[in-house]
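Visitor: Next comes structure02.cif, mmCIF, C-alpha atoms and all ligand atoms:
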```cif
data_start
#
loop_
_atom_site.label_atom_id
_atom_site.label_comp_id
_atom_site.auth_asym_id
_atom_site.auth_seq_id
_atom_site.Cartn_x
_atom_site.Cartn_y
_atom_site.Cartn_z
CA MET W 1 0.00 0.00 0.00
CA MET W 2 2.71 2.43 1.07
CA ALA W 3 4.95 1.48 -1.86
CA SER W 4 2.19 1.77 -4.45
CA THR W 5 1.18 5.17 -3.03
CA THR W 6 4.77 6.35 -3.37
CA ILE W 7 4.96 5.04 -6.93
CA SER W 8 1.66 6.76 -7.82
CA ILE W 9 2.97 10.08 -6.46
CA CYS W 10 6.19 9.67 -8.43
CA VAL W 11 4.30 8.92 -11.62
CA ALA W 12 2.03 11.93 -11.03
CA ILE W 13 5.05 14.18 -10.50
CA LEU W 14 6.76 12.77 -13.58
CA LEU W 15 3.70 13.52 -15.69
CA LEU W 16 3.35 16.95 -14.07
CA LEU W 17 6.89 17.89 -15.01
CA ILE W 18 6.43 16.45 -18.52
CA PHE W 19 9.35 14.06 -18.25
CA ALA W 20 9.68 11.25 -20.77
CA PRO W 21 7.79 8.55 -18.87
CA SER W 22 9.22 5.72 -20.99
CA ASN W 23 12.70 5.81 -19.45
CA SER W 24 12.14 7.70 -16.22
CA SER W 25 12.86 6.01 -12.94
CA CYS W 26 11.89 7.05 -9.47
CA ARG W 27 15.26 7.20 -7.78
CA THR W 28 16.34 9.88 -5.33
CA THR W 29 20.04 8.93 -5.19
CA MET W 30 22.98 8.01 -7.43
CA ASN W 31 26.06 6.05 -6.35
CA SER W 32 29.57 6.32 -7.82
CA GLY W 33 29.41 4.77 -11.28
CA ASP W 34 25.69 5.44 -11.74
CA THR W 35 24.38 7.42 -14.68
CA LEU W 36 21.28 9.43 -15.35
CA ILE W 37 20.58 8.94 -19.03
CA THR W 38 19.00 11.50 -21.38
CA SER W 39 15.52 12.47 -20.13
CA ASP W 40 15.95 10.54 -16.87
CA SER W 41 15.39 12.14 -13.46
CA LEU W 42 15.80 11.75 -9.76
CA VAL W 43 12.41 12.50 -8.24
CA LEU W 44 11.47 13.32 -4.65
CA GLY W 45 8.04 14.76 -3.94
CA PHE W 46 7.68 18.00 -5.88
CA CYS W 47 11.38 18.07 -6.82
CA GLY W 48 12.95 16.66 -9.97
CA PHE W 49 16.64 16.58 -10.93
CA THR W 50 16.54 16.02 -14.67
CA MET W 51 19.14 15.27 -17.35
CA GLN W 52 17.27 16.97 -20.16
CA SER W 53 17.42 16.09 -23.84
CA ASP W 54 18.80 19.61 -24.49
CA CYS W 55 21.84 18.63 -22.32
CA ASN W 56 20.93 20.93 -19.43
CA LEU W 57 20.83 19.36 -15.95
CA VAL W 58 18.00 21.08 -14.08
CA LEU W 59 16.58 20.97 -10.57
CA TYR W 60 12.84 21.64 -10.73
CA VAL W 61 10.35 22.31 -7.98
CA LEU W 62 6.77 21.96 -9.23
CA GLY W 63 8.00 22.63 -12.75
CA ARG W 64 9.96 25.76 -11.78
CA SER W 65 13.70 25.66 -12.41
CA VAL W 66 15.71 26.52 -9.27
CA TRP W 67 19.20 25.38 -10.34
CA ASP W 68 20.82 24.26 -13.58
CA THR W 69 24.21 23.60 -15.17
CA LYS W 70 23.55 25.93 -18.14
CA SER W 71 24.86 23.19 -20.43
CA TYR W 72 21.91 23.38 -22.85
CA GLY W 73 22.74 22.92 -26.51
CA ARG W 74 25.90 20.88 -25.88
CA GLY W 75 24.42 17.70 -27.34
CA ASP W 76 21.29 15.62 -27.70
CA ARG W 77 22.50 12.41 -26.05
CA CYS W 78 23.80 13.84 -22.82
CA GLN W 79 24.03 11.75 -19.70
CA LEU W 80 25.14 12.49 -16.17
CA GLU W 81 27.59 10.29 -14.30
CA LEU W 82 28.73 10.36 -10.68
CA THR W 83 32.33 9.18 -11.05
CA ARG W 84 34.48 7.08 -8.69
CA ASN W 85 36.20 10.27 -7.53
CA GLY W 86 32.90 11.96 -6.70
CA GLN W 87 32.73 14.26 -9.67
CA LEU W 88 29.55 14.96 -11.60
CA VAL W 89 30.21 14.78 -15.32
CA ILE W 90 27.81 15.41 -18.19
CA SER W 91 28.95 13.83 -21.41
CA ASN W 92 27.53 13.65 -24.91
CA ASN W 93 28.44 10.50 -26.85
CA GLY W 94 31.38 10.01 -24.47
CA VAL W 95 32.71 13.55 -24.78
CA SER W 96 32.50 15.47 -21.51
CA VAL W 97 30.70 18.80 -21.82
CA TRP W 98 30.30 19.86 -18.15
CA LYS W 99 31.88 18.96 -14.78
CA ASN W 100 31.24 20.21 -11.28
CA SER W 101 33.93 21.80 -9.15
CA PHE W 102 34.54 18.81 -6.86
CA GLN W 103 37.01 16.00 -7.48
CA GLY W 104 38.11 13.72 -4.62
CA GLU W 105 39.84 10.43 -4.02
CA ASP W 106 38.33 7.19 -5.27
CA ASP W 107 35.48 6.33 -2.90
CA ASN W 108 31.86 5.22 -2.86
CA TYR W 109 30.15 8.59 -3.19
CA VAL W 110 26.41 9.07 -3.03
CA LEU W 111 24.50 11.95 -4.59
CA LYS W 112 21.21 12.65 -2.81
CA LEU W 113 18.24 14.75 -3.84
CA GLN W 114 17.20 15.80 -0.34
CA GLU W 115 13.79 16.71 1.08
CA ASP W 116 15.09 20.28 1.71
CA GLY W 117 15.76 20.74 -2.02
CA ASN W 118 19.52 20.60 -1.65
CA VAL W 119 21.36 18.14 -3.91
CA VAL W 120 24.39 16.87 -2.01
CA ILE W 121 27.29 14.53 -2.81
CA PHE W 122 28.45 12.62 0.28
CA ASN W 123 31.66 10.62 0.65
CA SER W 124 31.69 7.23 2.37
CA ASN W 125 32.18 8.96 5.76
CA GLU W 126 28.86 10.72 5.06
CA ASN W 127 30.54 14.10 4.83
CA GLY W 128 29.00 16.41 2.23
CA VAL W 129 31.62 17.29 -0.40
CA TRP W 130 29.49 19.21 -2.93
CA PHE W 131 26.10 20.97 -2.71
CA THR W 132 23.78 22.77 -5.11
CA ASN W 133 22.97 25.04 -2.11
CA THR W 134 19.32 25.06 -3.17
CA SER W 135 16.75 25.35 -0.40
CA VAL W 136 13.12 24.58 -1.20
CA SER W 137 10.52 22.18 0.15
CA CYS W 138 10.10 19.03 -1.91
CA SER W 139 7.03 17.95 0.09
C1 LIG W 201 27.71 25.95 -2.36
O1 LIG W 201 28.22 26.77 -1.33
C2 LIG W 201 29.59 26.56 -1.03
C3 LIG W 201 29.94 27.41 0.19
O2 LIG W 201 29.59 28.73 -0.05
C4 LIG W 201 30.43 26.90 -2.26
O3 LIG W 201 31.79 26.68 -1.98
C5 LIG W 201 29.98 26.02 -3.43
O4 LIG W 201 30.67 26.39 -4.60
C6 LIG W 201 28.48 26.17 -3.65
N1 LIG W 201 28.05 25.19 -4.66
C7 LIG W 201 27.67 25.52 -5.88
C8 LIG W 201 27.26 24.40 -6.76
O5 LIG W 201 27.65 26.66 -6.28
#
```
Would you give me this structure, written as structure tokens?
Ligand SMILES: *[C@@H]1O[C@H](CO)[C@@H](O)[C@H](O)[C@H]1NC(C)=O

Guide:
Amino acid sequence: MMASTTISICVAILLLLIFAPSNSSCRTTMNSGDTLITSDSLVLGFCGFTMQSDCNLVLYVLGRSVWDTKSYGRGDRCQLELTRNGQLVISNNGVSVWKNSFQGEDDNYVLKLQEDGNVVIFNSNENGVWFTNTSVSCS
């Protein structure tokens, strides 16, 4: 019951934000080595962190953009990867087109779309190493 309610809410949010439902998942986290493919999103409540088909990575709250990488127009097959050294990299057909400012040692990093609207990369000691510094309510 609880799980199906959660899934229904995710699907409703996905439709609300006009994501491509065919390849969207309902994750809220990425681990080192994980990718977010073109048109895929992390979704938590009203918040969506979307790797758009225009190559821009955007954090939405109820369809309103609150943070983005301004990498639109850099390709039409862009995907986001959280690397082994904790860096966020957007690449198009294997060519990197955007990277964030953080690069650490090899570790098992986790990127989390948090309830408070902040997107945070944690190292394996659970210390935050990179933040979007966004502050909104996802619920
Ligand atoms: C978030 O804030 C910290 C501290 O001010 C800053 O160093 C960092 O660059 C900010 N993150 C982004 C993505 O701008």

Visitor: Do a neighbour search on stretch 102-107 of chain W at 6 Å with all atoms listed in the file, toss out local chain neighbours closer than 6 positions, and write the hits as a list in words.

Guide: Arg84, Asn85, Gly86 and Gln87 of chain W

Visitor: If we count all atoms listed in the file, what is near W:Thr29 at a cut-off of 9 Å, once residues fewer than 3 positions away on the same chain are taken out, given as a PyMOL selection string?

Guide: chain W and resi 42-43+110-114

Visitor: Taking every listed atom of stretch 69-76 of chain W and adding 3 Å to each side, what centre and edge lengths in Å (one decimal) does the axis-aligned box have, as AutoDock Vina command-line options?

Guide:
```
--center_x 23.6 --center_y 20.8 --center_z -21.4 --size_x 10.6 --size_y 16.3 --size_z 18.5
```

Visitor: Counting all atoms listed in the file, write as a list in words all protein and nucleic acid residues lying at most 9 Å from (30.4, 20.4, -20.6) in the file's frame.

Guide: Cys55, Thr69, Ser71, Arg74, Val89, Ile90, Ser91, Asn92, Val95, Ser96, Val97, Trp98 and Lys99 of chain W

Visitor: Mind checking which residues fall within 7 Å of W:Arg77, counting only C-alpha atoms, ignoring those fewer than 3 positions away in the same chain, and posting them as a list in words?

Guide: Thr38, Ser53, Asn92 and Asn93 of chain W

Visitor: Quote the spacing between atom CA of W:Leu36 and atom CA of W:Met51 in Å to one decimal place.

Guide: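 Distance reported for this atom pair: 6.5 Å.
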
Visitor: Do you have the atom CA of W:Gly45-atom CA of W:Gly117 distance handy?

Guide: 10.0 Å

Visitor: Name the closest residue to ligand LIG 201 (chain W) among the candidates W:Ser101, W:Tyr60, W:Ser139, W:Gly128; distances are taken between atoms, counting only C-alpha atoms and all ligand atoms.

Guide: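 Smallest distance to ligand LIG 201 (chain W) is found for W:Ser101.
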
Visitor: Do you know which residues are within 6 Å of ligand LIG 201 (chain W) using all atoms listed in the file? Can you write them as a ChimeraX atom specification?

Guide: /W:131-133

Visitor: How many Å lie between atom CA of W:Leu59 and atom CA of W:Ser41, rounded to one decimal?

Guide: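 Computing the Euclidean distance for atom CA of W:Leu59 and atom CA of W:Ser41 yields 9.4 Å.
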
Visitor: Name the residues in contact with W:Val58 at a cut-off of 6 Å, using all atoms listed in the file, excluding same-chain residues fewer than 6 positions from it; report them as a VMD selection string.

Guide: chain W and resid 49 to 50 67 to 68

Visitor: Measuring between only C-alpha atoms, which one of W:Glu115, W:Ser135, W:Tyr109, W:Asp76 shows the shortest distance to W:Phe46?

Guide: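 Ranked by minimum distance to W:Phe46, first place goes to W:Glu115.
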
Visitor: Restricting the calculation to all atoms listed in the file, which member of W:Thr35, W:Thr28, W:Ile121, W:Asn108 is positioned closest to W:Gly48?

Guide: W:Thr28

Visitor: Measuring atom to atom with only C-alpha atoms, identify which of W:Glu126, W:Val66, W:Gly75, W:Thr83 is nearest to W:Cys138.

Guide: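 Looking at the shortest contact to W:Cys138, the residue is W:Val66.
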
Visitor: My list of candidates is W:Val136, W:Leu62, W:Ile37, W:Val119. Which is closest to W:Glu81 when distances are computed with all atoms listed in the file?

Guide: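 When distances to W:Glu81 are compared using all atoms listed in the file, the smallest one comes from W:Ile37.
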
Visitor: Which one is closest to W:Gln79: W:Asn125, W:Asn100, W:Asn118, W:Ser39? Count all atoms listed in the file.

Guide: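 The shortest atom-to-atom distance to W:Gln79 comes from W:Ser39.
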
Visitor: Save stretch 12-135 of chain W of the structure in the block above to a file, with C-alpha atoms included, as a short mmCIF file (atom, residue, chain, number, x, y, z; two decimals), in the first residue's frame.

Guide:
```
data_model
loop_
_atom_site.label_atom_id
_atom_site.label_comp_id
_atom_site.auth_asym_id
_atom_site.auth_seq_id
_atom_site.Cartn_x
_atom_site.Cartn_y
_atom_site.Cartn_z
CA ALA W 12 2.03 11.93 -11.03
CA ILE W 13 5.05 14.18 -10.50
CA LEU W 14 6.76 12.77 -13.58
CA LEU W 15 3.70 13.52 -15.69
CA LEU W 16 3.35 16.95 -14.07
CA LEU W 17 6.89 17.89 -15.01
CA ILE W 18 6.43 16.45 -18.52
CA PHE W 19 9.35 14.06 -18.25
CA ALA W 20 9.68 11.25 -20.77
CA PRO W 21 7.79 8.55 -18.87
CA SER W 22 9.22 5.72 -20.99
CA ASN W 23 12.70 5.81 -19.45
CA SER W 24 12.14 7.70 -16.22
CA SER W 25 12.86 6.01 -12.94
CA CYS W 26 11.89 7.05 -9.47
CA ARG W 27 15.26 7.20 -7.78
CA THR W 28 16.34 9.88 -5.33
CA THR W 29 20.04 8.93 -5.19
CA MET W 30 22.98 8.01 -7.43
CA ASN W 31 26.06 6.05 -6.35
CA SER W 32 29.57 6.32 -7.82
CA GLY W 33 29.41 4.77 -11.28
CA ASP W 34 25.69 5.44 -11.74
CA THR W 35 24.38 7.42 -14.68
CA LEU W 36 21.28 9.43 -15.35
CA ILE W 37 20.58 8.94 -19.03
CA THR W 38 19.00 11.50 -21.38
CA SER W 39 15.52 12.47 -20.13
CA ASP W 40 15.95 10.54 -16.87
CA SER W 41 15.39 12.14 -13.46
CA LEU W 42 15.80 11.75 -9.76
CA VAL W 43 12.41 12.50 -8.24
CA LEU W 44 11.47 13.32 -4.65
CA GLY W 45 8.04 14.76 -3.94
CA PHE W 46 7.68 18.00 -5.88
CA CYS W 47 11.38 18.07 -6.82
CA GLY W 48 12.95 16.66 -9.97
CA PHE W 49 16.64 16.58 -10.93
CA THR W 50 16.54 16.02 -14.67
CA MET W 51 19.14 15.27 -17.35
CA GLN W 52 17.27 16.97 -20.16
CA SER W 53 17.42 16.09 -23.84
CA ASP W 54 18.80 19.61 -24.49
CA CYS W 55 21.84 18.63 -22.32
CA ASN W 56 20.93 20.93 -19.43
CA LEU W 57 20.83 19.36 -15.95
CA VAL W 58 18.00 21.08 -14.08
CA LEU W 59 16.58 20.97 -10.57
CA TYR W 60 12.84 21.64 -10.73
CA VAL W 61 10.35 22.31 -7.98
CA LEU W 62 6.77 21.96 -9.23
CA GLY W 63 8.00 22.63 -12.75
CA ARG W 64 9.96 25.76 -11.78
CA SER W 65 13.70 25.66 -12.41
CA VAL W 66 15.71 26.52 -9.27
CA TRP W 67 19.20 25.38 -10.34
CA ASP W 68 20.82 24.26 -13.58
CA THR W 69 24.21 23.60 -15.17
CA LYS W 70 23.55 25.93 -18.14
CA SER W 71 24.86 23.19 -20.43
CA TYR W 72 21.91 23.38 -22.85
CA GLY W 73 22.74 22.92 -26.51
CA ARG W 74 25.90 20.88 -25.88
CA GLY W 75 24.42 17.70 -27.34
CA ASP W 76 21.29 15.62 -27.70
CA ARG W 77 22.50 12.41 -26.05
CA CYS W 78 23.80 13.84 -22.82
CA GLN W 79 24.03 11.75 -19.70
CA LEU W 80 25.14 12.49 -16.17
CA GLU W 81 27.59 10.29 -14.30
CA LEU W 82 28.73 10.36 -10.68
CA THR W 83 32.33 9.18 -11.05
CA ARG W 84 34.48 7.08 -8.69
CA ASN W 85 36.20 10.27 -7.53
CA GLY W 86 32.90 11.96 -6.70
CA GLN W 87 32.73 14.26 -9.67
CA LEU W 88 29.55 14.96 -11.60
CA VAL W 89 30.21 14.78 -15.32
CA ILE W 90 27.81 15.41 -18.19
CA SER W 91 28.95 13.83 -21.41
CA ASN W 92 27.53 13.65 -24.91
CA ASN W 93 28.44 10.50 -26.85
CA GLY W 94 31.38 10.01 -24.47
CA VAL W 95 32.71 13.55 -24.78
CA SER W 96 32.50 15.47 -21.51
CA VAL W 97 30.70 18.80 -21.82
CA TRP W 98 30.30 19.86 -18.15
CA LYS W 99 31.88 18.96 -14.78
CA ASN W 100 31.24 20.21 -11.28
CA SER W 101 33.93 21.80 -9.15
CA PHE W 102 34.54 18.81 -6.86
CA GLN W 103 37.01 16.00 -7.48
CA GLY W 104 38.11 13.72 -4.62
CA GLU W 105 39.84 10.43 -4.02
CA ASP W 106 38.33 7.19 -5.27
CA ASP W 107 35.48 6.33 -2.90
CA ASN W 108 31.86 5.22 -2.86
CA TYR W 109 30.15 8.59 -3.19
CA VAL W 110 26.41 9.07 -3.03
CA LEU W 111 24.50 11.95 -4.59
CA LYS W 112 21.21 12.65 -2.81
CA LEU W 113 18.24 14.75 -3.84
CA GLN W 114 17.20 15.80 -0.34
CA GLU W 115 13.79 16.71 1.08
CA ASP W 116 15.09 20.28 1.71
CA GLY W 117 15.76 20.74 -2.02
CA ASN W 118 19.52 20.60 -1.65
CA VAL W 119 21.36 18.14 -3.91
CA VAL W 120 24.39 16.87 -2.01
CA ILE W 121 27.29 14.53 -2.81
CA PHE W 122 28.45 12.62 0.28
CA ASN W 123 31.66 10.62 0.65
CA SER W 124 31.69 7.23 2.37
CA ASN W 125 32.18 8.96 5.76
CA GLU W 126 28.86 10.72 5.06
CA ASN W 127 30.54 14.10 4.83
CA GLY W 128 29.00 16.41 2.23
CA VAL W 129 31.62 17.29 -0.40
CA TRP W 130 29.49 19.21 -2.93
CA PHE W 131 26.10 20.97 -2.71
CA THR W 132 23.78 22.77 -5.11
CA ASN W 133 22.97 25.04 -2.11
CA THR W 134 19.32 25.06 -3.17
CA SER W 135 16.75 25.35 -0.40
#
```
